[in-house]
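Asks: One structure coming up, written as structure tokens, with questions to follow.
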Amino acid sequence: MAAEQSSATPGSEDPRDLIASIYRAESRRVLATLIRLLNGNFDLAEEALHDAFAAAVEQWPRDGVPTNPRSWLVSTGRFRAIDTLRRRARFDESLATIARELEESASPPSTRDDELEDDRLRLIFTCCHPALPPDAQVALTLREVCGLTTEEIAHAFFSTPSTIAQRIVRVKAKIRDARIPYEVPPRAQLAERLAVVLHVIYLVFNEGYLASGGDSMLRPDLSAEAIRLGRLLVEIMPEAEAMGLLALMLLHESRRTARTSAAGELVLLEQQDRWRWDRHLIAEAGALIERALASRAFGPYTLQAAIAAVHAEAATPEETDWAQIVILYDLLLRADPAPVIELNRAAAIAMRDGPEKGLPLIDAILARGDLRDYHVAHAARADLYRRAGRMADAVASYERALALTTQGAERRFIERRLAELRDQPR
Amino acid sequence: MRYVCLIYDDEKKLGTMSKEEANGFMGAYFQFTEDIKKSGNYVAGEALQPVQSATSLRSRAGKLSTTDGPFIETKEQLGGFYLIEARDLNEALQIAGRIPSVKTGTIEVRPVVDFSAQKEAPRAGRETAATTA
């Protein structure tokens, strides 16, 4: 390995700071490759990653930083893992064979950039394998792909570190025992498998986006993690729906500061201060949506992003292009015929053609029973009654919505609306 | 690596099939079995008699009790199995996804413990919650 060393330690920078920044930038990549080189053994790869960085802390200040730190870390980690297996082989004969096989195979390990990008995809697709339970997919992705600690994941999901640790241990055991392969799915299965990955990323995003408050000092910013994951995926696998999901998350994120008031209360889209929307994120999302639409392989995420983009483009709520939004909802409903989307479409039609046109559509959805216990459906109905001037009906629907809501900020919002209506002379 | 594919189907529904439907269903099974024999994935496979023919045994405190019926009464019953050889879970799932009952019932895929193989994928040995923290 001496040949790889470079004596030129960059500048006056403390190698320890440099190692810390390399850890942040490279540790997940190195881990993804080590898992492949160690035949899909997550635990052994994690130990190897630790050992490799421990070796770096010891050697780099003395010998200089290698010219290619990433491949130095990968090969050091791999050697350390083989050593670890050898040491344990004294107690378990079978490990000696494995250590020998590992040494003989895959050497020298490939550190070509495209191969390494594939490793990151392998890691994402393995963590989001449909044979794993959904909550474990999320925990494993945050742990292995994002590098969050068990404690951070526990804080994010208001759970305990031991619960999360157990979940991760169990899921790693399934990957090993059922032999879930460390691979990017073949083209024929890609759409189905990618959908699971996108769903996991969106779950992470929503968890961060909706659960504001709590002990925010300890909670990692899950929305930021999800956006980072989305960017990574678009970079290494620019599929239309990956771009669509990233755009959708960026558009939500662009309104983050505008969606709560100084007092922490929920602010509806039409009342938000549009000057506080992040124009950079909106522009980035717009470019992604154009690319996704041009590919003609787009789906629900791209369409939802396109709808959010129409809102983002309107300088005032009155300038919103509702006709365009209705068209997009029609397409979305065809791609994903879900009652919630029907509800949103009804609300858009009410905005385009007036509340009296939207009400029968919402009534029909509720009559089918699909959303009878969904507070948003009753709140939407109440809002249309309010706009139509039917105050008594509006009060009744808001009361129904309130009875179905447990979330604090949403309850307070509905209570405010009810108070306004009751104050008004009928 | 070997996987067992447990086939759960609603016996009542199968019983109400017309003669043509039943023939088609059996034909699809014969075809599937033939296919996985040709591809080398087949190890074994059997269809089971209906659950009314099942007898369950348990011995507690040295006392053997025998009861009529399956282990658990369920909407879908274990009606047969295949033992297959597959490279990994992805291949096993792909094969199991072609079992005709996947369209009517549920296929449970379970990896088989290989007591003879010491050369399985390497294990780190200390898989406690602490190592993942």
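Letters A, B, ... mark the chains of the structure tokens in the order given; residue numbers begin at 1 per chain; ligand numbers begin at 1, in order shown.
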Which parts of chain B does DSSP call strand (DSSP E) when run on the backbone here, written out as an MDAnalysis selection string?

Replies: chainID B and resid 2:9 42:47 55:60 63:68 77:85 106:111

Asks: Atoms to include: N, CA and C atoms. Write the selected residues as a short mmCIF file (atom, residue, chain, number, x, y, z; two decimals), in the first residue's frame.

Replies:
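Printed below is again.cif as written:
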```
data_model
loop_
_atom_site.label_atom_id
_atom_site.label_comp_id
_atom_site.auth_asym_id
_atom_site.auth_seq_id
_atom_site.Cartn_x
_atom_site.Cartn_y
_atom_site.Cartn_z
N ARG B 2 -31.59 -23.76 -1.18
CA ARG B 2 -32.93 -24.33 -1.37
C ARG B 2 -34.01 -23.49 -0.68
N TYR B 3 -35.13 -23.41 -1.35
CA TYR B 3 -36.29 -22.70 -0.80
C TYR B 3 -37.49 -23.61 -0.91
N VAL B 4 -38.38 -23.53 0.10
CA VAL B 4 -39.63 -24.26 -0.03
C VAL B 4 -40.72 -23.23 -0.33
N CYS B 5 -41.55 -23.55 -1.30
CA CYS B 5 -42.67 -22.67 -1.65
C CYS B 5 -43.94 -23.33 -1.14
N LEU B 6 -44.53 -22.76 -0.09
CA LEU B 6 -45.75 -23.31 0.49
C LEU B 6 -46.95 -22.67 -0.20
N ILE B 7 -47.83 -23.54 -0.70
CA ILE B 7 -48.93 -23.04 -1.53
C ILE B 7 -50.23 -23.03 -0.72
N TYR B 8 -50.74 -21.83 -0.47
CA TYR B 8 -52.00 -21.70 0.27
C TYR B 8 -53.10 -21.30 -0.70
N ASP B 9 -54.17 -22.05 -0.67
CA ASP B 9 -55.29 -21.75 -1.57
C ASP B 9 -56.59 -22.00 -0.82
N TYR B 42 -36.14 -27.57 -9.98
CA TYR B 42 -37.03 -28.46 -9.24
C TYR B 42 -36.24 -29.43 -8.37
N VAL B 43 -36.65 -29.53 -7.10
CA VAL B 43 -36.07 -30.57 -6.24
C VAL B 43 -37.15 -31.57 -5.86
N ALA B 44 -38.29 -31.05 -5.39
CA ALA B 44 -39.41 -31.91 -5.04
C ALA B 44 -40.68 -31.08 -5.03
N GLY B 45 -41.80 -31.76 -5.03
CA GLY B 45 -43.07 -31.05 -4.96
C GLY B 45 -44.21 -32.03 -4.79
N GLU B 46 -45.18 -31.67 -3.97
CA GLU B 46 -46.34 -32.55 -3.78
C GLU B 46 -47.59 -31.69 -3.59
N ALA B 47 -48.72 -32.27 -3.97
CA ALA B 47 -50.01 -31.66 -3.64
C ALA B 47 -50.56 -32.43 -2.45
N THR B 55 -54.59 -34.53 10.48
CA THR B 55 -54.62 -34.89 11.89
C THR B 55 -53.46 -34.16 12.56
N SER B 56 -53.73 -33.50 13.68
CA SER B 56 -52.67 -32.76 14.37
C SER B 56 -52.34 -33.43 15.69
N LEU B 57 -51.05 -33.48 15.98
CA LEU B 57 -50.56 -34.14 17.19
C LEU B 57 -49.81 -33.15 18.06
N ARG B 58 -49.96 -33.27 19.38
CA ARG B 58 -49.03 -32.59 20.27
C ARG B 58 -48.86 -33.41 21.54
N SER B 59 -47.62 -33.40 22.02
CA SER B 59 -47.34 -34.14 23.24
C SER B 59 -46.93 -33.15 24.31
N ARG B 60 -47.69 -33.10 25.41
CA ARG B 60 -47.38 -32.20 26.52
C ARG B 60 -47.31 -33.03 27.80
N LYS B 63 -47.97 -36.57 27.58
CA LYS B 63 -49.29 -37.03 27.17
C LYS B 63 -49.56 -36.61 25.73
N LEU B 64 -49.75 -37.59 24.88
CA LEU B 64 -49.97 -37.31 23.47
C LEU B 64 -51.44 -37.03 23.22
N SER B 65 -51.70 -35.88 22.58
CA SER B 65 -53.10 -35.65 22.21
C SER B 65 -53.21 -35.59 20.70
N THR B 66 -54.25 -36.17 20.21
CA THR B 66 -54.47 -36.25 18.77
C THR B 66 -55.77 -35.53 18.46
N THR B 67 -55.72 -34.56 17.53
CA THR B 67 -56.96 -33.87 17.17
C THR B 67 -57.17 -33.92 15.67
N ASP B 68 -58.41 -33.87 15.31
CA ASP B 68 -58.79 -33.85 13.90
C ASP B 68 -58.58 -32.44 13.35
N GLN B 77 -55.81 -22.62 2.85
CA GLN B 77 -55.18 -23.77 3.49
C GLN B 77 -53.92 -24.19 2.72
N LEU B 78 -52.98 -24.77 3.48
CA LEU B 78 -51.79 -25.31 2.85
C LEU B 78 -52.22 -26.48 1.96
N GLY B 79 -51.98 -26.34 0.67
CA GLY B 79 -52.48 -27.36 -0.25
C GLY B 79 -51.40 -28.09 -1.00
N GLY B 80 -50.15 -27.65 -0.81
CA GLY B 80 -49.06 -28.32 -1.52
C GLY B 80 -47.78 -27.52 -1.37
N PHE B 81 -46.70 -28.05 -1.92
CA PHE B 81 -45.43 -27.33 -1.82
C PHE B 81 -44.51 -27.73 -2.96
N TYR B 82 -43.55 -26.86 -3.20
CA TYR B 82 -42.41 -27.20 -4.05
C TYR B 82 -41.15 -26.97 -3.25
N LEU B 83 -40.17 -27.81 -3.43
CA LEU B 83 -38.83 -27.55 -2.91
C LEU B 83 -38.00 -27.20 -4.14
N ILE B 84 -37.44 -26.00 -4.13
CA ILE B 84 -36.70 -25.57 -5.33
C ILE B 84 -35.26 -25.21 -4.99
N GLU B 85 -34.44 -25.23 -6.01
CA GLU B 85 -33.05 -24.79 -5.89
C GLU B 85 -32.96 -23.45 -6.63
N THR B 106 -52.01 -17.66 -1.98
CA THR B 106 -50.77 -17.02 -1.54
C THR B 106 -49.66 -18.06 -1.53
N ILE B 107 -48.48 -17.66 -1.98
CA ILE B 107 -47.32 -18.56 -1.93
C ILE B 107 -46.37 -18.00 -0.87
N GLU B 108 -46.02 -18.82 0.10
CA GLU B 108 -45.03 -18.40 1.09
C GLU B 108 -43.70 -19.04 0.74
N VAL B 109 -42.67 -18.20 0.61
CA VAL B 109 -41.35 -18.69 0.23
C VAL B 109 -40.46 -18.69 1.47
N ARG B 110 -39.90 -19.85 1.81
CA ARG B 110 -39.05 -19.92 3.00
C ARG B 110 -37.73 -20.57 2.64
N PRO B 111 -36.61 -19.94 3.04
CA PRO B 111 -35.31 -20.58 2.82
C PRO B 111 -35.18 -21.81 3.72
#
```

Asks: Would you give me, as number ranges by chain, the residues in chain B that DSSP reads as helix (DSSP H, G or I)?

Replies: B: 11-15, 19-38, 51-53, 89-96, 100-103, 129-132

Asks: Restricting the calculation to only C-alpha atoms: of A:Arg352, A:Arg193, A:Arg368, A:Arg120, which residue gets closest to Glu319 of chain A?

Replies: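 Smallest distance to Glu319 of chain A is found for A:Arg352.
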
Asks: What is the atom CA of Arg274 of chain A-atom CA of Gln304 of chain A distance in Å, reported with one decimal?

Replies: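 Result for atom CA of Arg274 of chain A versus atom CA of Gln304 of chain A: 19.6 Å, one decimal.
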
Asks: Separation of atom CA of Arg24 of chain A and atom CA of Val171 of chain A, in Å?

Replies: 25.1 Å
